[in-house]
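Source file: run-v3.cif (mmCIF, N, CA, C and O atoms)
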```
data_start
#
loop_
_atom_site.group_PDB
_atom_site.id
_atom_site.type_symbol
_atom_site.label_atom_id
_atom_site.label_comp_id
_atom_site.auth_asym_id
_atom_site.auth_seq_id
_atom_site.Cartn_x
_atom_site.Cartn_y
_atom_site.Cartn_z
ATOM 1 N N MET A 26 -36.127 27.218 -65.488
ATOM 2 C CA MET A 26 -34.872 27.089 -66.205
ATOM 3 C C MET A 26 -34.804 28.177 -67.276
ATOM 4 O O MET A 26 -35.761 28.398 -68.007
ATOM 5 N N THR A 27 -33.679 28.821 -67.372
ATOM 6 C CA THR A 27 -33.461 29.862 -68.364
ATOM 7 C C THR A 27 -32.978 29.224 -69.658
ATOM 8 O O THR A 27 -32.161 28.302 -69.636
ATOM 9 N N THR A 28 -33.497 29.722 -70.773
ATOM 10 C CA THR A 28 -33.085 29.201 -72.070
ATOM 11 C C THR A 28 -32.576 30.335 -72.946
ATOM 12 O O THR A 28 -32.813 31.507 -72.675
ATOM 13 N N VAL A 29 -31.881 29.947 -74.011
ATOM 14 C CA VAL A 29 -31.444 30.897 -75.030
ATOM 15 C C VAL A 29 -31.981 30.407 -76.372
ATOM 16 O O VAL A 29 -32.061 29.205 -76.619
ATOM 17 N N ALA A 30 -32.370 31.341 -77.198
ATOM 18 C CA ALA A 30 -32.915 31.022 -78.519
ATOM 19 C C ALA A 30 -31.843 31.235 -79.569
ATOM 20 O O ALA A 30 -31.116 32.235 -79.557
ATOM 21 N N LEU A 31 -31.734 30.269 -80.478
ATOM 22 C CA LEU A 31 -30.809 30.375 -81.601
ATOM 23 C C LEU A 31 -31.424 29.649 -82.782
ATOM 24 O O LEU A 31 -32.527 29.122 -82.682
ATOM 25 N N ARG A 32 -30.742 29.645 -83.892
ATOM 26 C CA ARG A 32 -31.237 28.939 -85.077
ATOM 27 C C ARG A 32 -30.235 27.841 -85.428
ATOM 28 O O ARG A 32 -29.041 28.096 -85.512
ATOM 29 N N VAL A 33 -30.765 26.641 -85.643
ATOM 30 C CA VAL A 33 -29.943 25.500 -86.020
ATOM 31 C C VAL A 33 -30.451 24.986 -87.354
ATOM 32 O O VAL A 33 -31.626 24.612 -87.471
ATOM 33 N N ASN A 34 -29.592 25.032 -88.353
ATOM 34 C CA ASN A 34 -29.962 24.618 -89.711
ATOM 35 C C ASN A 34 -31.238 25.328 -90.163
ATOM 36 O O ASN A 34 -32.111 24.734 -90.781
ATOM 37 N N GLY A 35 -31.332 26.600 -89.804
ATOM 38 C CA GLY A 35 -32.446 27.427 -90.231
ATOM 39 C C GLY A 35 -33.698 27.340 -89.373
ATOM 40 O O GLY A 35 -34.647 28.085 -89.595
ATOM 41 N N GLU A 36 -33.718 26.472 -88.380
ATOM 42 C CA GLU A 36 -34.893 26.288 -87.532
ATOM 43 C C GLU A 36 -34.660 26.908 -86.158
ATOM 44 O O GLU A 36 -33.568 26.778 -85.596
ATOM 45 N N PRO A 37 -35.687 27.544 -85.584
ATOM 46 C CA PRO A 37 -35.525 28.083 -84.230
ATOM 47 C C PRO A 37 -35.406 26.957 -83.209
ATOM 48 O O PRO A 37 -36.126 25.969 -83.277
ATOM 49 N N VAL A 38 -34.463 27.124 -82.291
ATOM 50 C CA VAL A 38 -34.205 26.130 -81.249
ATOM 51 C C VAL A 38 -33.949 26.880 -79.953
ATOM 52 O O VAL A 38 -33.331 27.942 -79.958
ATOM 53 N N GLU A 39 -34.411 26.313 -78.850
ATOM 54 C CA GLU A 39 -34.089 26.848 -77.534
ATOM 55 C C GLU A 39 -33.300 25.796 -76.774
ATOM 56 O O GLU A 39 -33.649 24.615 -76.798
ATOM 57 N N VAL A 40 -32.226 26.242 -76.136
ATOM 58 C CA VAL A 40 -31.397 25.354 -75.333
ATOM 59 C C VAL A 40 -31.240 25.965 -73.951
ATOM 60 O O VAL A 40 -31.434 27.166 -73.762
ATOM 61 N N ALA A 41 -30.870 25.149 -72.997
ATOM 62 C CA ALA A 41 -30.640 25.637 -71.639
ATOM 63 C C ALA A 41 -29.492 26.641 -71.639
ATOM 64 O O ALA A 41 -28.495 26.462 -72.337
ATOM 65 N N ALA A 42 -29.654 27.693 -70.866
ATOM 66 C CA ALA A 42 -28.574 28.662 -70.711
ATOM 67 C C ALA A 42 -27.334 27.927 -70.213
ATOM 68 O O ALA A 42 -27.434 27.027 -69.385
ATOM 69 N N GLY A 43 -26.188 28.282 -70.748
ATOM 70 C CA GLY A 43 -24.941 27.636 -70.366
ATOM 71 C C GLY A 43 -24.580 26.443 -71.232
ATOM 72 O O GLY A 43 -23.524 25.852 -71.057
ATOM 73 N N SER A 44 -25.464 26.093 -72.186
ATOM 74 C CA SER A 44 -25.172 24.975 -73.088
ATOM 75 C C SER A 44 -24.014 25.327 -74.003
ATOM 76 O O SER A 44 -23.783 26.496 -74.321
ATOM 77 N N THR A 45 -23.330 24.298 -74.435
ATOM 78 C CA THR A 45 -22.214 24.464 -75.371
ATOM 79 C C THR A 45 -22.599 23.852 -76.720
ATOM 80 O O THR A 45 -23.625 23.168 -76.837
ATOM 81 N N ILE A 46 -21.757 24.061 -77.689
ATOM 82 C CA ILE A 46 -21.970 23.438 -78.992
ATOM 83 C C ILE A 46 -21.937 21.920 -78.855
ATOM 84 O O ILE A 46 -22.719 21.215 -79.497
ATOM 85 N N ALA A 47 -21.080 21.393 -77.990
ATOM 86 C CA ALA A 47 -21.042 19.935 -77.756
ATOM 87 C C ALA A 47 -22.385 19.445 -77.225
ATOM 88 O O ALA A 47 -22.884 18.397 -77.647
ATOM 89 N N ASP A 48 -22.994 20.190 -76.307
ATOM 90 C CA ASP A 48 -24.309 19.818 -75.771
ATOM 91 C C ASP A 48 -25.352 19.823 -76.888
ATOM 92 O O ASP A 48 -26.190 18.921 -76.976
ATOM 93 N N LEU A 49 -25.299 20.836 -77.722
ATOM 94 C CA LEU A 49 -26.256 20.964 -78.815
ATOM 95 C C LEU A 49 -26.124 19.807 -79.799
ATOM 96 O O LEU A 49 -27.117 19.190 -80.184
ATOM 97 N N VAL A 50 -24.902 19.486 -80.191
ATOM 98 C CA VAL A 50 -24.671 18.375 -81.123
ATOM 99 C C VAL A 50 -25.148 17.070 -80.507
ATOM 100 O O VAL A 50 -25.812 16.263 -81.168
ATOM 101 N N ALA A 51 -24.847 16.849 -79.240
ATOM 102 C CA ALA A 51 -25.278 15.619 -78.568
ATOM 103 C C ALA A 51 -26.803 15.504 -78.568
ATOM 104 O O ALA A 51 -27.352 14.429 -78.808
ATOM 105 N N ALA A 52 -27.485 16.605 -78.337
ATOM 106 C CA ALA A 52 -28.949 16.584 -78.327
ATOM 107 C C ALA A 52 -29.513 16.337 -79.725
ATOM 108 O O ALA A 52 -30.490 15.612 -79.885
ATOM 109 N N LEU A 53 -28.885 16.912 -80.728
ATOM 110 C CA LEU A 53 -29.360 16.745 -82.102
ATOM 111 C C LEU A 53 -29.136 15.336 -82.625
ATOM 112 O O LEU A 53 -29.968 14.791 -83.342
ATOM 113 N N LEU A 54 -27.997 14.755 -82.273
ATOM 114 C CA LEU A 54 -27.645 13.449 -82.816
ATOM 115 C C LEU A 54 -28.202 12.296 -81.984
ATOM 116 O O LEU A 54 -28.208 11.163 -82.450
ATOM 117 N N ALA A 55 -28.640 12.577 -80.767
ATOM 118 C CA ALA A 55 -29.156 11.549 -79.854
ATOM 119 C C ALA A 55 -28.136 10.423 -79.719
ATOM 120 O O ALA A 55 -27.102 10.616 -79.114
ATOM 121 N N ASP A 56 -28.392 9.273 -80.315
ATOM 122 C CA ASP A 56 -27.496 8.124 -80.165
ATOM 123 C C ASP A 56 -26.512 7.976 -81.322
ATOM 124 O O ASP A 56 -25.723 7.030 -81.337
ATOM 125 N N ASP A 57 -26.562 8.855 -82.293
ATOM 126 C CA ASP A 57 -25.665 8.749 -83.446
ATOM 127 C C ASP A 57 -24.253 9.211 -83.084
ATOM 128 O O ASP A 57 -24.051 10.062 -82.226
ATOM 129 N N ASP A 58 -23.293 8.655 -83.774
ATOM 130 C CA ASP A 58 -21.886 8.992 -83.581
ATOM 131 C C ASP A 58 -21.604 10.330 -84.267
ATOM 132 O O ASP A 58 -21.978 10.528 -85.430
ATOM 133 N N PRO A 59 -20.930 11.263 -83.583
ATOM 134 C CA PRO A 59 -20.666 12.564 -84.201
ATOM 135 C C PRO A 59 -19.523 12.563 -85.214
ATOM 136 O O PRO A 59 -19.148 13.618 -85.708
ATOM 137 N N LYS A 60 -18.964 11.381 -85.548
ATOM 138 C CA LYS A 60 -17.929 11.343 -86.587
ATOM 139 C C LYS A 60 -18.525 11.862 -87.883
ATOM 140 O O LYS A 60 -19.657 11.558 -88.227
ATOM 141 N N GLY A 61 -17.751 12.613 -88.610
ATOM 142 C CA GLY A 61 -18.212 13.133 -89.887
ATOM 143 C C GLY A 61 -19.133 14.326 -89.759
ATOM 144 O O GLY A 61 -19.735 14.758 -90.732
ATOM 145 N N VAL A 62 -19.257 14.877 -88.544
ATOM 146 C CA VAL A 62 -20.118 16.038 -88.323
ATOM 147 C C VAL A 62 -19.245 17.284 -88.257
ATOM 148 O O VAL A 62 -18.172 17.274 -87.654
ATOM 149 N N ALA A 63 -19.723 18.351 -88.869
ATOM 150 C CA ALA A 63 -19.046 19.646 -88.808
ATOM 151 C C ALA A 63 -20.044 20.685 -88.310
ATOM 152 O O ALA A 63 -21.244 20.572 -88.571
ATOM 153 N N VAL A 64 -19.536 21.674 -87.599
ATOM 154 C CA VAL A 64 -20.388 22.718 -87.043
ATOM 155 C C VAL A 64 -19.807 24.080 -87.394
ATOM 156 O O VAL A 64 -18.596 24.308 -87.284
ATOM 157 N N ALA A 65 -20.689 24.972 -87.803
ATOM 158 C CA ALA A 65 -20.311 26.367 -88.014
ATOM 159 C C ALA A 65 -21.244 27.236 -87.180
ATOM 160 O O ALA A 65 -22.445 26.962 -87.088
ATOM 161 N N VAL A 66 -20.690 28.249 -86.550
ATOM 162 C CA VAL A 66 -21.475 29.213 -85.785
ATOM 163 C C VAL A 66 -21.250 30.573 -86.422
ATOM 164 O O VAL A 66 -20.109 31.024 -86.544
ATOM 165 N N ASP A 67 -22.342 31.173 -86.837
ATOM 166 C CA ASP A 67 -22.263 32.475 -87.518
ATOM 167 C C ASP A 67 -21.256 32.445 -88.662
ATOM 168 O O ASP A 67 -20.410 33.319 -88.812
ATOM 169 N N ARG A 68 -21.329 31.360 -89.435
ATOM 170 C CA ARG A 68 -20.531 31.137 -90.644
ATOM 171 C C ARG A 68 -19.048 30.878 -90.405
ATOM 172 O O ARG A 68 -18.248 30.920 -91.343
ATOM 173 N N CYS A 69 -18.665 30.612 -89.155
ATOM 174 C CA CYS A 69 -17.278 30.266 -88.844
ATOM 175 C C CYS A 69 -17.248 28.833 -88.339
ATOM 176 O O CYS A 69 -17.940 28.497 -87.374
ATOM 177 N N VAL A 70 -16.430 27.997 -88.978
ATOM 178 C CA VAL A 70 -16.318 26.601 -88.567
ATOM 179 C C VAL A 70 -15.724 26.538 -87.162
ATOM 180 O O VAL A 70 -14.758 27.243 -86.853
ATOM 181 N N VAL A 71 -16.337 25.712 -86.327
ATOM 182 C CA VAL A 71 -15.852 25.507 -84.965
ATOM 183 C C VAL A 71 -15.151 24.149 -84.934
ATOM 184 O O VAL A 71 -15.798 23.117 -85.145
ATOM 185 N N PRO A 72 -13.846 24.121 -84.694
ATOM 186 C CA PRO A 72 -13.146 22.839 -84.621
ATOM 187 C C PRO A 72 -13.739 21.956 -83.517
ATOM 188 O O PRO A 72 -14.152 22.463 -82.465
ATOM 189 N N ARG A 73 -13.794 20.671 -83.765
ATOM 190 C CA ARG A 73 -14.345 19.728 -82.788
ATOM 191 C C ARG A 73 -13.681 19.903 -81.413
ATOM 192 O O ARG A 73 -14.333 19.774 -80.388
ATOM 193 N N SER A 74 -12.403 20.222 -81.399
ATOM 194 C CA SER A 74 -11.688 20.394 -80.132
ATOM 195 C C SER A 74 -12.215 21.574 -79.314
ATOM 196 O O SER A 74 -11.930 21.678 -78.118
ATOM 197 N N GLN A 75 -13.003 22.452 -79.945
ATOM 198 C CA GLN A 75 -13.547 23.623 -79.252
ATOM 199 C C GLN A 75 -15.045 23.530 -78.980
ATOM 200 O O GLN A 75 -15.629 24.449 -78.400
ATOM 201 N N TRP A 76 -15.692 22.440 -79.388
ATOM 202 C CA TRP A 76 -17.134 22.301 -79.169
ATOM 203 C C TRP A 76 -17.506 22.431 -77.695
ATOM 204 O O TRP A 76 -18.486 23.071 -77.354
ATOM 205 N N ALA A 77 -16.736 21.803 -76.826
ATOM 206 C CA ALA A 77 -17.083 21.778 -75.395
ATOM 207 C C ALA A 77 -16.875 23.128 -74.714
ATOM 208 O O ALA A 77 -17.413 23.357 -73.630
ATOM 209 N N THR A 78 -16.122 24.015 -75.336
ATOM 210 C CA THR A 78 -15.870 25.319 -74.726
ATOM 211 C C THR A 78 -16.529 26.468 -75.475
ATOM 212 O O THR A 78 -16.389 27.620 -75.070
ATOM 213 N N THR A 79 -17.240 26.157 -76.557
ATOM 214 C CA THR A 79 -17.919 27.189 -77.334
ATOM 215 C C THR A 79 -19.372 27.278 -76.883
ATOM 216 O O THR A 79 -20.123 26.308 -77.005
ATOM 217 N N PRO A 80 -19.778 28.422 -76.329
ATOM 218 C CA PRO A 80 -21.146 28.540 -75.841
ATOM 219 C C PRO A 80 -22.166 28.594 -76.980
ATOM 220 O O PRO A 80 -21.873 29.101 -78.063
ATOM 221 N N ALA A 81 -23.349 28.076 -76.710
ATOM 222 C CA ALA A 81 -24.479 28.216 -77.627
ATOM 223 C C ALA A 81 -25.109 29.569 -77.278
ATOM 224 O O ALA A 81 -25.887 29.677 -76.332
ATOM 225 N N ARG A 82 -24.725 30.599 -77.998
ATOM 226 C CA ARG A 82 -25.132 31.977 -77.694
ATOM 227 C C ARG A 82 -26.509 32.308 -78.257
ATOM 228 O O ARG A 82 -26.861 31.867 -79.349
ATOM 229 N N ALA A 83 -27.227 33.130 -77.535
ATOM 230 C CA ALA A 83 -28.526 33.610 -77.999
ATOM 231 C C ALA A 83 -28.359 34.314 -79.341
ATOM 232 O O ALA A 83 -27.438 35.107 -79.526
ATOM 233 N N GLY A 84 -29.225 33.991 -80.278
ATOM 234 C CA GLY A 84 -29.215 34.627 -81.585
ATOM 235 C C GLY A 84 -28.223 34.047 -82.567
ATOM 236 O O GLY A 84 -28.173 34.481 -83.724
ATOM 237 N N ALA A 85 -27.418 33.082 -82.152
ATOM 238 C CA ALA A 85 -26.409 32.499 -83.040
ATOM 239 C C ALA A 85 -27.081 31.732 -84.182
ATOM 240 O O ALA A 85 -28.155 31.174 -84.024
ATOM 241 N N LEU A 86 -26.414 31.723 -85.313
ATOM 242 C CA LEU A 86 -26.830 30.932 -86.475
ATOM 243 C C LEU A 86 -25.891 29.743 -86.536
ATOM 244 O O LEU A 86 -24.706 29.893 -86.833
ATOM 245 N N VAL A 87 -26.426 28.559 -86.233
ATOM 246 C CA VAL A 87 -25.612 27.352 -86.148
ATOM 247 C C VAL A 87 -25.978 26.426 -87.300
ATOM 248 O O VAL A 87 -27.154 26.190 -87.565
ATOM 249 N N GLU A 88 -24.975 25.918 -87.981
ATOM 250 C CA GLU A 88 -25.172 24.913 -89.023
ATOM 251 C C GLU A 88 -24.470 23.646 -88.574
ATOM 252 O O GLU A 88 -23.277 23.675 -88.250
ATOM 253 N N VAL A 89 -25.213 22.560 -88.542
ATOM 254 C CA VAL A 89 -24.665 21.245 -88.191
ATOM 255 C C VAL A 89 -24.857 20.367 -89.417
ATOM 256 O O VAL A 89 -25.986 20.139 -89.844
ATOM 257 N N VAL A 90 -23.754 19.919 -89.984
ATOM 258 C CA VAL A 90 -23.829 19.084 -91.195
ATOM 259 C C VAL A 90 -23.045 17.808 -90.990
ATOM 260 O O VAL A 90 -22.089 17.756 -90.217
ATOM 261 N N SER A 91 -23.479 16.774 -91.688
ATOM 262 C CA SER A 91 -22.751 15.507 -91.605
ATOM 263 C C SER A 91 -22.402 15.059 -93.015
ATOM 264 O O SER A 91 -23.140 15.297 -93.973
ATOM 265 N N ALA A 92 -21.245 14.402 -93.115
ATOM 266 C CA ALA A 92 -20.783 13.890 -94.388
ATOM 267 C C ALA A 92 -21.638 12.719 -94.799
ATOM 268 O O ALA A 92 -22.087 11.929 -93.973
ATOM 269 N N ALA A 93 -21.879 12.614 -96.072
ATOM 270 C CA ALA A 93 -22.648 11.481 -96.604
ATOM 271 C C ALA A 93 -21.804 10.799 -97.666
ATOM 272 O O ALA A 93 -21.262 11.439 -98.563
ATOM 273 N N ALA A 94 -21.705 9.498 -97.553
ATOM 274 C CA ALA A 94 -20.974 8.723 -98.547
ATOM 275 C C ALA A 94 -21.860 8.507 -99.780
ATOM 276 O O ALA A 94 -23.073 8.493 -99.684
ATOM 277 N N GLY A 95 -21.248 8.362 -100.867
ATOM 278 C CA GLY A 95 -22.026 8.124 -102.081
ATOM 279 C C GLY A 95 -21.187 8.396 -103.303
ATOM 280 O O GLY A 95 -20.022 8.755 -103.217
ATOM 281 N N GLY A 96 -21.813 8.297 -104.409
ATOM 282 C CA GLY A 96 -21.041 8.511 -105.609
ATOM 283 C C GLY A 96 -21.797 8.980 -106.708
ATOM 284 O O GLY A 96 -22.525 9.540 -107.202
#
```
Hey, can you dump this file as structure tokens for me?
Amino acid sequence: MTTVALRVNGEPVEVAAGSTIADLVAALLADDDPKGVAVAVDRCVVPRSQWATTPARAGALVEVVSAAAGG
């Protein structure tokens, strides 16, 4: 299987070639609900509506953040 290397939240990660941002988020969150999650690729926010069509490119810098409630 061919993989691509990228960085997610500053850590090196390898994903299967052809993976999308949606695939990456699903793998990171496992069983958690992706509500309140935001993704940026190379410092550009990727709208949730584009996760499934945005490729996880080799060398990309991906930030996955989730909102936290509190006060």
Atom C of Val29 in chain A and atom C of Leu53 in chain A are how many Å apart?
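A separation of 16.6 Å between them.
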Neighbouring residues of Leu31 in chain A were defined as those with any atom within 10 Å, considering only C-alpha atoms; residues of the same chain fewer than 6 positions away were excluded. Please report them as a ChimeraX atom specification.
/A:37-40,81-87
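Taking atom N of Thr79 in chain A and CA of Ala55 in chain A as endpoints, the distance between them is 19.1 Å.
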Go through chain A and collect every residue that DSSP, computed from the backbone, puts in helix (DSSP H, G or I); the answer should be as a PyMOL selection string.
chain A and resi 46-54+73-78
Asn34 in chain A: which residues within 12 Å, counting only C-alpha atoms, same-chain residues fewer than 5 positions away excluded, as a VMD selection string?
chain A and resid 50 53 64 to 68 85 to 91
I need the strand (DSSP E) residues of chain A per DSSP on the backbone, written as JSON, numbers by chain.
{"A": [28, 29, 30, 31, 32, 33, 36, 37, 38, 39, 40, 41, 62, 63, 64, 65, 66, 69, 70, 71, 86, 87, 88, 89, 90, 91]}
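Using only N, CA, C and O atoms, the smallest distance between any of A:Ala77, A:Ala42, A:Ala92, A:Met26 and Ala63 in chain A comes from A:Ala92.
In this model, the gap between atom N of Ser74 in chain A and atom O of Thr28 in chain A comes to 24.9 Å.
Distance check against Ala41 in chain A using only C-alpha atoms: of A:Pro80, A:Val71, A:Leu54, A:Thr27, the minimum falls on A:Thr27.
Counting only N, CA, C and O atoms, the residue from A:Thr78, A:Arg73, A:Gly43, A:Gly61 that sits nearest to Ala93 in chain A is A:Gly61.
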